[in-house]
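Trainee: As input, take query_1.pdb (PDB, C-alpha atoms, pLDDT in the B column):
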```pdb
MODEL        1
ATOM      1  CA  MET A   1     -55.474 -52.626 -20.901  1.00 52.00           C
ATOM      2  CA  ARG A   2     -59.009 -52.821 -19.542  1.00 48.00           C
ATOM      3  CA  SER A   3     -58.411 -49.633 -17.583  1.00 48.00           C
ATOM      4  CA  ILE A   4     -57.285 -47.706 -20.680  1.00 42.00           C
ATOM      5  CA  LYS A   5     -60.252 -48.943 -22.718  1.00 45.00           C
ATOM      6  CA  PHE A   6     -62.598 -47.886 -19.936  1.00 42.00           C
ATOM      7  CA  LEU A   7     -61.070 -44.409 -19.713  1.00 42.00           C
ATOM      8  CA  LEU A   8     -61.120 -44.080 -23.485  1.00 39.00           C
ATOM      9  CA  ALA A   9     -64.812 -44.996 -23.572  1.00 44.00           C
ATOM     10  CA  ILE A  10     -65.594 -42.373 -20.932  1.00 40.00           C
ATOM     11  CA  SER A  11     -63.619 -39.704 -22.822  1.00 41.00           C
ATOM     12  CA  LEU A  12     -65.274 -40.553 -26.125  1.00 40.00           C
ATOM     13  CA  ALA A  13     -68.724 -40.316 -24.556  1.00 41.00           C
ATOM     14  CA  ALA A  14     -67.924 -37.001 -22.893  1.00 40.00           C
ATOM     15  CA  ALA A  15     -66.366 -35.520 -26.038  1.00 40.00           C
ATOM     16  CA  SER A  16     -69.323 -36.513 -28.196  1.00 39.00           C
ATOM     17  CA  THR A  17     -71.572 -34.803 -25.657  1.00 39.00           C
ATOM     18  CA  LEU A  18     -69.599 -31.558 -25.740  1.00 40.00           C
ATOM     19  CA  VAL A  19     -69.420 -31.291 -29.508  1.00 45.00           C
ATOM     20  CA  SER A  20     -73.073 -32.225 -30.165  1.00 56.00           C
ATOM     21  CA  ALA A  21     -75.385 -29.527 -31.500  1.00 78.00           C
ATOM     22  CA  ALA A  22     -77.254 -27.490 -28.892  1.00 93.00           C
ATOM     23  CA  VAL A  23     -80.622 -28.217 -30.576  1.00 94.00           C
ATOM     24  CA  ASP A  24     -81.691 -31.756 -31.410  1.00 91.00           C
ATOM     25  CA  PHE A  25     -85.078 -31.797 -33.151  1.00 88.00           C
ATOM     26  CA  SER A  26     -86.163 -34.780 -31.055  1.00 87.00           C
ATOM     27  CA  THR A  27     -86.172 -32.418 -28.046  1.00 89.00           C
ATOM     28  CA  LEU A  28     -88.920 -30.180 -29.482  1.00 93.00           C
ATOM     29  CA  LYS A  29     -92.244 -30.650 -27.702  1.00 93.00           C
ATOM     30  CA  LEU A  30     -95.676 -29.009 -27.775  1.00 93.00           C
ATOM     31  CA  THR A  31     -97.798 -28.981 -24.626  1.00 93.00           C
ATOM     32  CA  ALA A  32    -101.275 -27.658 -23.841  1.00 90.00           C
ATOM     33  CA  GLY A  33    -101.842 -24.625 -21.638  1.00 93.00           C
ATOM     34  CA  GLN A  34    -100.438 -21.112 -21.479  1.00 96.00           C
ATOM     35  CA  PHE A  35     -97.461 -21.856 -19.220  1.00 97.00           C
ATOM     36  CA  THR A  36     -94.484 -24.166 -19.071  1.00 97.00           C
ATOM     37  CA  PRO A  37     -95.122 -27.581 -17.496  1.00 96.00           C
ATOM     38  CA  TRP A  38     -91.580 -27.533 -15.993  1.00 96.00           C
ATOM     39  CA  GLN A  39     -91.860 -26.181 -12.453  1.00 94.00           C
ATOM     40  CA  VAL A  40     -88.138 -25.442 -12.117  1.00 96.00           C
ATOM     41  CA  ALA A  41     -88.312 -22.854 -14.919  1.00 98.00           C
ATOM     42  CA  GLN A  42     -88.574 -19.076 -14.436  1.00 98.00           C
ATOM     43  CA  THR A  43     -91.168 -17.265 -16.554  1.00 98.00           C
ATOM     44  CA  ALA A  44     -91.227 -13.848 -18.255  1.00 98.00           C
ATOM     45  CA  THR A  45     -94.915 -12.840 -18.533  1.00 98.00           C
ATOM     46  CA  PHE A  46     -94.271  -9.318 -19.967  1.00 98.00           C
ATOM     47  CA  ASP A  47     -96.526  -7.861 -17.268  1.00 97.00           C
ATOM     48  CA  SER A  48     -93.524  -7.139 -15.056  1.00 95.00           C
ATOM     49  CA  ALA A  49     -89.719  -7.248 -15.253  1.00 96.00           C
ATOM     50  CA  PRO A  50     -88.241 -10.479 -16.700  1.00 96.00           C
ATOM     51  CA  PRO A  51     -86.431 -12.951 -14.427  1.00 96.00           C
ATOM     52  CA  ALA A  52     -82.956 -11.978 -13.189  1.00 96.00           C
ATOM     53  CA  ASP A  53     -80.203 -12.299 -15.828  1.00 97.00           C
ATOM     54  CA  VAL A  54     -82.712 -12.478 -18.736  1.00 98.00           C
ATOM     55  CA  TYR A  55     -82.694  -9.486 -21.129  1.00 98.00           C
ATOM     56  CA  TYR A  56     -84.869  -8.539 -24.132  1.00 98.00           C
ATOM     57  CA  THR A  57     -84.177  -6.160 -27.001  1.00 98.00           C
ATOM     58  CA  GLY A  58     -86.594  -5.404 -29.837  1.00 97.00           C
ATOM     59  CA  GLY A  59     -90.210  -6.407 -30.263  1.00 97.00           C
ATOM     60  CA  GLU A  60     -93.377  -4.680 -29.040  1.00 97.00           C
ATOM     61  CA  TYR A  61     -95.548  -5.284 -25.975  1.00 97.00           C
ATOM     62  CA  VAL A  62     -99.298  -5.315 -26.662  1.00 97.00           C
ATOM     63  CA  THR A  63    -102.604  -6.584 -25.306  1.00 97.00           C
ATOM     64  CA  GLY A  64    -105.638  -7.912 -27.149  1.00 97.00           C
ATOM     65  CA  THR A  65    -106.013  -8.158 -30.928  1.00 96.00           C
ATOM     66  CA  ALA A  66    -105.313  -5.287 -33.323  1.00 95.00           C
ATOM     67  CA  PRO A  67    -108.381  -3.958 -35.238  1.00 95.00           C
ATOM     68  CA  ASP A  68    -106.466  -4.458 -38.498  1.00 92.00           C
ATOM     69  CA  GLN A  69    -105.583  -8.036 -37.441  1.00 90.00           C
ATOM     70  CA  ARG A  70    -101.868  -7.195 -37.577  1.00 92.00           C
ATOM     71  CA  TYR A  71    -101.559  -9.233 -34.425  1.00 94.00           C
ATOM     72  CA  THR A  72    -103.924 -11.641 -32.679  1.00 93.00           C
ATOM     73  CA  ALA A  73    -103.803 -12.486 -28.995  1.00 95.00           C
ATOM     74  CA  PRO A  74    -103.056 -16.133 -28.182  1.00 95.00           C
ATOM     75  CA  ASP A  75    -106.086 -18.095 -26.948  1.00 94.00           C
ATOM     76  CA  TYR A  76    -107.314 -17.043 -23.465  1.00 94.00           C
ATOM     77  CA  ASP A  77    -104.478 -14.515 -23.156  1.00 97.00           C
ATOM     78  CA  HIS A  78    -105.858 -11.251 -21.745  1.00 96.00           C
ATOM     79  CA  THR A  79    -102.548  -9.876 -20.452  1.00 97.00           C
ATOM     80  CA  GLN A  80     -99.608  -8.147 -22.130  1.00 98.00           C
ATOM     81  CA  TYR A  81     -97.570 -10.231 -24.578  1.00 98.00           C
ATOM     82  CA  LEU A  82     -94.679  -9.837 -27.028  1.00 98.00           C
ATOM     83  CA  ILE A  83     -94.944  -9.443 -30.793  1.00 97.00           C
ATOM     84  CA  VAL A  84     -92.300  -9.215 -33.491  1.00 97.00           C
ATOM     85  CA  GLY A  85     -93.341  -8.235 -37.007  1.00 95.00           C
ATOM     86  CA  ALA A  86     -93.215  -5.565 -39.676  1.00 91.00           C
ATOM     87  CA  ASN A  87     -92.556  -2.710 -37.221  1.00 92.00           C
ATOM     88  CA  GLU A  88     -90.088  -4.640 -35.024  1.00 95.00           C
ATOM     89  CA  PRO A  89     -88.972  -7.694 -37.026  1.00 97.00           C
ATOM     90  CA  THR A  90     -86.661  -9.175 -34.370  1.00 98.00           C
ATOM     91  CA  SER A  91     -86.456  -9.592 -30.634  1.00 98.00           C
ATOM     92  CA  ARG A  92     -83.296 -11.000 -29.077  1.00 98.00           C
ATOM     93  CA  ILE A  93     -83.066 -12.660 -25.670  1.00 98.00           C
ATOM     94  CA  THR A  94     -79.687 -12.657 -23.945  1.00 98.00           C
ATOM     95  CA  PHE A  95     -78.442 -13.599 -20.498  1.00 98.00           C
ATOM     96  CA  GLY A  96     -76.129 -12.317 -17.774  1.00 97.00           C
ATOM     97  CA  TYR A  97     -72.352 -12.721 -17.990  1.00 95.00           C
ATOM     98  CA  ARG A  98     -71.298 -16.371 -18.434  1.00 94.00           C
ATOM     99  CA  LEU A  99     -74.941 -17.464 -18.261  1.00 97.00           C
ATOM    100  CA  GLY A 100     -77.249 -19.178 -20.727  1.00 97.00           C
ATOM    101  CA  THR A 101     -80.403 -21.299 -20.556  1.00 98.00           C
ATOM    102  CA  THR A 102     -80.750 -25.053 -20.903  1.00 97.00           C
ATOM    103  CA  TYR A 103     -84.436 -24.688 -21.789  1.00 98.00           C
ATOM    104  CA  PHE A 104     -86.685 -22.220 -23.602  1.00 98.00           C
ATOM    105  CA  GLY A 105     -90.464 -22.406 -23.676  1.00 98.00           C
ATOM    106  CA  PHE A 106     -93.054 -19.996 -25.070  1.00 98.00           C
ATOM    107  CA  TYR A 107     -96.802 -19.750 -25.624  1.00 97.00           C
ATOM    108  CA  PHE A 108     -97.771 -18.783 -29.166  1.00 94.00           C
ATOM    109  CA  SER A 109    -100.802 -17.835 -31.218  1.00 88.00           C
ATOM    110  CA  THR A 110    -101.311 -19.110 -34.774  1.00 85.00           C
ATOM    111  CA  ILE A 111     -97.728 -19.235 -36.029  1.00 90.00           C
ATOM    112  CA  ASP A 112     -96.884 -18.198 -39.602  1.00 91.00           C
ATOM    113  CA  LEU A 113     -94.543 -20.044 -41.956  1.00 92.00           C
ATOM    114  CA  TYR A 114     -92.172 -17.062 -42.095  1.00 95.00           C
ATOM    115  CA  ASN A 115     -91.827 -16.816 -38.309  1.00 96.00           C
ATOM    116  CA  SER A 116     -88.633 -18.284 -36.871  1.00 97.00           C
ATOM    117  CA  VAL A 117     -86.721 -18.885 -33.651  1.00 98.00           C
ATOM    118  CA  THR A 118     -82.903 -19.018 -33.789  1.00 97.00           C
ATOM    119  CA  PHE A 119     -80.797 -20.580 -31.028  1.00 97.00           C
ATOM    120  CA  HIS A 120     -77.096 -19.879 -30.544  1.00 97.00           C
ATOM    121  CA  GLY A 121     -75.522 -22.722 -28.568  1.00 96.00           C
ATOM    122  CA  SER A 122     -72.572 -22.435 -26.210  1.00 95.00           C
ATOM    123  CA  ASP A 123     -70.894 -25.030 -28.464  1.00 93.00           C
ATOM    124  CA  GLY A 124     -70.954 -22.529 -31.380  1.00 94.00           C
ATOM    125  CA  SER A 125     -73.946 -24.137 -33.102  1.00 94.00           C
ATOM    126  CA  LEU A 126     -76.649 -21.994 -34.712  1.00 95.00           C
ATOM    127  CA  THR A 127     -80.063 -23.576 -35.263  1.00 95.00           C
ATOM    128  CA  THR A 128     -83.156 -21.901 -36.721  1.00 96.00           C
ATOM    129  CA  ILE A 129     -86.580 -23.453 -36.212  1.00 96.00           C
ATOM    130  CA  THR A 130     -89.149 -22.181 -38.712  1.00 95.00           C
ATOM    131  CA  GLY A 131     -92.850 -21.567 -38.354  1.00 93.00           C
ATOM    132  CA  GLN A 132     -93.413 -24.445 -40.761  1.00 91.00           C
ATOM    133  CA  GLN A 133     -91.497 -26.841 -38.507  1.00 92.00           C
ATOM    134  CA  ILE A 134     -93.521 -25.710 -35.501  1.00 92.00           C
ATOM    135  CA  GLN A 135     -96.768 -26.023 -37.485  1.00 88.00           C
ATOM    136  CA  ASP A 136     -95.810 -29.593 -38.388  1.00 89.00           C
ATOM    137  CA  LEU A 137     -95.873 -30.443 -34.668  1.00 89.00           C
ATOM    138  CA  VAL A 138     -99.388 -29.057 -34.126  1.00 86.00           C
ATOM    139  CA  PRO A 139    -101.704 -32.081 -33.855  1.00 80.00           C
ATOM    140  CA  GLY A 140    -105.016 -30.428 -34.756  1.00 71.00           C
ATOM    141  CA  LEU A 141    -106.833 -27.215 -35.561  1.00 62.00           C
ATOM    142  CA  ARG A 142    -106.153 -25.503 -32.225  1.00 65.00           C
ATOM    143  CA  ALA A 143    -104.279 -22.258 -32.808  1.00 78.00           C
ATOM    144  CA  SER A 144    -102.330 -21.810 -29.562  1.00 91.00           C
ATOM    145  CA  TYR A 145     -99.830 -24.161 -27.933  1.00 94.00           C
ATOM    146  CA  TYR A 146     -96.865 -24.058 -25.594  1.00 96.00           C
ATOM    147  CA  PHE A 147     -93.577 -24.817 -27.358  1.00 96.00           C
ATOM    148  CA  ASN A 148     -90.636 -26.358 -25.469  1.00 97.00           C
ATOM    149  CA  VAL A 149     -87.048 -26.880 -26.604  1.00 97.00           C
ATOM    150  CA  PHE A 150     -84.091 -28.167 -24.587  1.00 96.00           C
ATOM    151  CA  ALA A 151     -80.365 -27.646 -25.096  1.00 96.00           C
ATOM    152  CA  THR A 152     -78.552 -30.956 -25.545  1.00 93.00           C
ATOM    153  CA  GLY A 153     -75.252 -32.506 -24.567  1.00 86.00           C
ATOM    154  CA  GLY A 154     -74.354 -30.271 -21.631  1.00 90.00           C
ATOM    155  CA  THR A 155     -74.668 -27.086 -23.749  1.00 94.00           C
ATOM    156  CA  THR A 156     -76.764 -23.963 -23.159  1.00 96.00           C
ATOM    157  CA  PHE A 157     -78.431 -21.390 -25.394  1.00 97.00           C
ATOM    158  CA  ASP A 158     -76.444 -18.176 -24.964  1.00 96.00           C
ATOM    159  CA  TRP A 159     -78.868 -16.109 -27.041  1.00 98.00           C
ATOM    160  CA  ILE A 160     -82.239 -16.659 -28.723  1.00 98.00           C
ATOM    161  CA  GLU A 161     -83.766 -14.568 -31.501  1.00 98.00           C
ATOM    162  CA  LEU A 162     -87.411 -14.363 -32.569  1.00 98.00           C
ATOM    163  CA  ARG A 163     -88.029 -13.101 -36.081  1.00 98.00           C
ATOM    164  CA  SER A 164     -91.005 -12.220 -38.275  1.00 97.00           C
ATOM    165  CA  PRO A 165     -90.653  -9.976 -41.366  1.00 94.00           C
ATOM    166  CA  ASP A 166     -94.421  -9.606 -41.874  1.00 92.00           C
ATOM    167  CA  ASN A 167     -97.575  -9.804 -39.745  1.00 89.00           C
ATOM    168  CA  SER A 168     -96.669 -10.601 -36.225  1.00 92.00           C
ATOM    169  CA  PHE A 169     -95.263 -13.533 -34.288  1.00 96.00           C
ATOM    170  CA  GLU A 170     -97.330 -13.368 -31.069  1.00 97.00           C
ATOM    171  CA  THR A 171     -95.874 -15.000 -27.973  1.00 98.00           C
ATOM    172  CA  ASP A 172     -96.163 -14.909 -24.192  1.00 98.00           C
ATOM    173  CA  ASN A 173     -94.980 -16.553 -20.961  1.00 98.00           C
ATOM    174  CA  HIS A 174     -91.377 -17.290 -21.930  1.00 98.00           C
ATOM    175  CA  ALA A 175     -89.699 -19.820 -19.639  1.00 98.00           C
ATOM    176  CA  PHE A 176     -86.002 -20.347 -18.904  1.00 98.00           C
ATOM    177  CA  ILE A 177     -83.712 -22.523 -16.810  1.00 97.00           C
ATOM    178  CA  VAL A 178     -80.691 -20.257 -16.469  1.00 97.00           C
ATOM    179  CA  SER A 179     -77.288 -21.853 -15.779  1.00 95.00           C
ATOM    180  CA  GLU A 180     -73.590 -21.260 -16.317  1.00 93.00           C
ATOM    181  CA  VAL A 181     -72.247 -21.540 -19.867  1.00 89.00           C
ATOM    182  CA  PRO A 182     -69.716 -24.427 -20.152  1.00 83.00           C
ATOM    183  CA  GLU A 183     -66.125 -23.139 -20.213  1.00 70.00           C
ATOM    184  CA  PRO A 184     -64.427 -23.537 -23.654  1.00 61.00           C
ATOM    185  CA  GLU A 185     -61.285 -24.644 -21.816  1.00 50.00           C
ATOM    186  CA  THR A 186     -63.160 -27.675 -20.494  1.00 47.00           C
ATOM    187  CA  CYS A 187     -63.764 -28.923 -24.024  1.00 46.00           C
ATOM    188  CA  ALA A 188     -60.180 -28.257 -25.074  1.00 48.00           C
ATOM    189  CA  MET A 189     -58.779 -30.113 -22.050  1.00 50.00           C
ATOM    190  CA  LEU A 190     -61.102 -33.042 -22.625  1.00 47.00           C
ATOM    191  CA  LEU A 191     -60.221 -33.369 -26.301  1.00 47.00           C
ATOM    192  CA  GLY A 192     -56.509 -33.132 -25.439  1.00 54.00           C
ATOM    193  CA  GLY A 193     -56.927 -35.900 -22.881  1.00 51.00           C
ATOM    194  CA  LEU A 194     -58.850 -37.956 -25.412  1.00 49.00           C
ATOM    195  CA  GLY A 195     -55.966 -37.701 -27.889  1.00 56.00           C
ATOM    196  CA  LEU A 196     -53.475 -38.776 -25.211  1.00 56.00           C
ATOM    197  CA  LEU A 197     -55.571 -41.771 -24.193  1.00 54.00           C
ATOM    198  CA  GLY A 198     -55.955 -42.772 -27.836  1.00 56.00           C
ATOM    199  CA  ALA A 199     -52.182 -42.644 -28.326  1.00 57.00           C
ATOM    200  CA  MET A 200     -51.659 -44.761 -25.199  1.00 59.00           C
ATOM    201  CA  ALA A 201     -54.174 -47.317 -26.404  1.00 56.00           C
ATOM    202  CA  ARG A 202     -52.498 -47.567 -29.836  1.00 61.00           C
ATOM    203  CA  ARG A 203     -49.091 -47.992 -28.164  1.00 65.00           C
ATOM    204  CA  ARG A 204     -50.422 -50.846 -26.018  1.00 62.00           C
ATOM    205  CA  ARG A 205     -51.938 -52.571 -29.052  1.00 61.00           C
ATOM    206  CA  ALA A 206     -48.624 -52.265 -30.944  1.00 63.00           C
ATOM    207  CA  ARG A 207     -46.826 -53.936 -28.054  1.00 65.00           C
ATOM    208  CA  GLY A 208     -49.307 -56.798 -28.123  1.00 63.00           C
TER
ENDMDL
END
```
For the file at hand, write its structure as structure tokens.

Mentor:
Amino acid sequence: MRSIKFLLAISLAAASTLVSAAVDFSTLKLTAGQFTPWQVAQTATFDSAPPADVYYTGGEYVTGTAPDQRYTAPDYDHTQYLIVGANEPTSRITFGYRLGTTYFGFYFSTIDLYNSVTFHGSDGSLTTITGQQIQDLVPGLRASYYFNVFATGGTTFDWIELRSPDNSFETDNHAFIVSEVPEPETCAMLLGGLGLLGAMARRRRARG
């Protein structure tokens, strides 16, 4: 009986991990500086090709600040960076076949309320983080911070979309930890095993 309870506890813990949402808001962190603090991450600086298996569509690549203030360079950023806005309202980041990222970080200038970042999790979840939610994390008047978000529960982000329908969302130095996307069959097998263990446990209880 103890053995079945132990196995059931393990299966329940594993199943709850697999079905949890890919973005938990407690994993959102702001850090100082222009680059990710996580040394294991790979970084796209937009001054050269992105890391292997990381692909961008949409957006514009610019330097400096536009004379009409349509976009403003992040603090201390004198290199090329990415903007999405009225001309190019979305930029999507995807990954190589059967790959995703367990982490996404980016440096940003003053973020607007209508800016957003959408994460599609390997578990099927879809989470959008708004400019307002990012602003709420900013502790003072400083305009530029590094934003970090981690996938939870053994999931990955299999695509990420940046959006801004008006004046631009300015961002640079995107960081990723690319890994294999969990196989859907793994979840199905685990849940099937969980149901079997539950039935066995109920049968044992019925027998006394």

Trainee: Convert the output of the PyMOL selection byres ((chain A and resi 43) around 8) on the shown file into explicit residues, formatted as a list of chain:residue names.

Mentor: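 When the PyMOL selection byres ((chain A and resi 43) around 8) is applied to the shown file, the picked residues are A:Ala41, A:Gln42, A:Ala44, A:Thr45, A:Pro50, A:Pro51, A:Asn173, A:His174, A:Ala175, A:Phe176.
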
Trainee: Would you be able to write out as a list in words which residues have an atom within 12 Å of (-84.6, -17.6, -41.6) in the file's coordinates, counting all atoms listed in the file?

Mentor: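 Residues lying no farther than 12 Å from the given point: Pro89, Thr90, Leu113, Tyr114, Asn115, Ser116, Val117, Thr118, Phe119, Leu126, Thr127, Thr128, Ile129, Thr130, Gly131, Gln132, Gln133, Glu161, Leu162, Arg163, Ser164 and Pro165 of chain A.
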
Trainee: With the PyMOL selection byres ((chain A and resi 79) around 8) as the selection, what would be picked from this file? Answer as a list of chain:residue names, please.

Mentor: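 On the file shown, the PyMOL selection byres ((chain A and resi 79) around 8) covers A:Asp47, A:Thr63, A:Gly64, A:Asp77, A:His78, A:Gln80, A:Tyr81.
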
Trainee: So which residues touch Arg70 in chain A within 7 Å, counting all atoms listed in the file, skipping near sequence neighbours fewer than 4 positions away, as a list in words?

Mentor: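 The neighbour list is Ala66, Asn167 and Ser168 of chain A.
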
Trainee: Can you pull out the residues contacting Phe150 in chain A? Cut-off 12 Å, using all atoms listed in the file, and skip same-chain residues under 2 positions away; I want them as a count of residues only.

Mentor: 31

Trainee: In terms of the shortest atom-to-atom distance over all atoms listed in the file, which of A:Ser122, A:Ser109, A:Asn87, A:Gln39 is closest to Ala143 in chain A?

Mentor: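 Counting all atoms listed in the file, the residue closest to Ala143 in chain A is A:Ser109.
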
Trainee: Go ahead and compute the interatomic distance for CA of Thr72 in chain A and CA of Gly33 in chain A, in Å to one decimal.

Mentor: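 Distance between the two atoms: 17.2 Å.
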
Trainee: Got a sec to resolve the PyMOL selection byres ((chain A and resi 146) around 6) on this structure and send the residues as a list in words?

Mentor: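 Listing what the PyMOL selection byres ((chain A and resi 146) around 6) selects in the shown file: Leu30, Thr31, Ala32, Phe106, Tyr107, Tyr145 and Phe147 of chain A.
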
Trainee: Can you measure CA of Phe35 in chain A to CA of Trp159 in chain A for me? One decimal in Å is fine.

Mentor: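 So the answer is 21.0 Å.
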
Trainee: With 6 Å added on each side, what axis-aligned box encloses every listed atom of range 46-52 of chain A? Give the centre and edge lengths in Å to one decimal, as lines of an AutoDock Vina configuration file.

Mentor:
```
center_x = -89.7
center_y = -10.0
center_z = -16.6
size_x = 25.6
size_y = 17.8
size_z = 18.8
```

Trainee: For a test of reading the model, state the distance in Å between CA of Ser48 in chain A and CA of Ser179 in chain A, rounded to one decimal.

Mentor: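 One can read the CA of Ser48 in chain A to CA of Ser179 in chain A distance as 21.9 Å.
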
Trainee: Taking into account only C-alpha atoms, which residue in the set A:Asp123, A:Phe108, A:Ala86, A:Asp136 is nearest to Ala73 in chain A?

Mentor: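 Looking at the shortest contact to Ala73 in chain A, the residue is A:Phe108.
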
Trainee: Ranking A:Asp158, A:Asp112, A:Asp68, A:Glu60 by minimum distance to Ser125 in chain A and counting all atoms listed in the file, which one comes first?

Mentor: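 Going through A:Asp158, A:Asp112, A:Asp68, A:Glu60 one by one, the smallest distance to Ser125 in chain A is for A:Asp158.
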
Trainee: Just checking: using only C-alpha atoms, which residue out of A:Gly140, A:Pro74, A:Pro37, A:Gly58 ends up closest to Asp172 in chain A?

Mentor: A:Pro74

Trainee: Could you check which of A:Ile160, A:Thr110, A:Pro139, A:Leu99 is closest to Tyr71 in chain A, using all atoms listed in the file?

Mentor: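 Comparing A:Ile160, A:Thr110, A:Pro139, A:Leu99 against Tyr71 in chain A, the winner is A:Thr110.
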
Trainee: Closest to Ala151 in chain A among A:Ile134, A:Val181, A:Val40, A:Ala49, using all atoms listed in the file?

Mentor: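 With all atoms listed in the file as the atom set, the closest residue is A:Val181.
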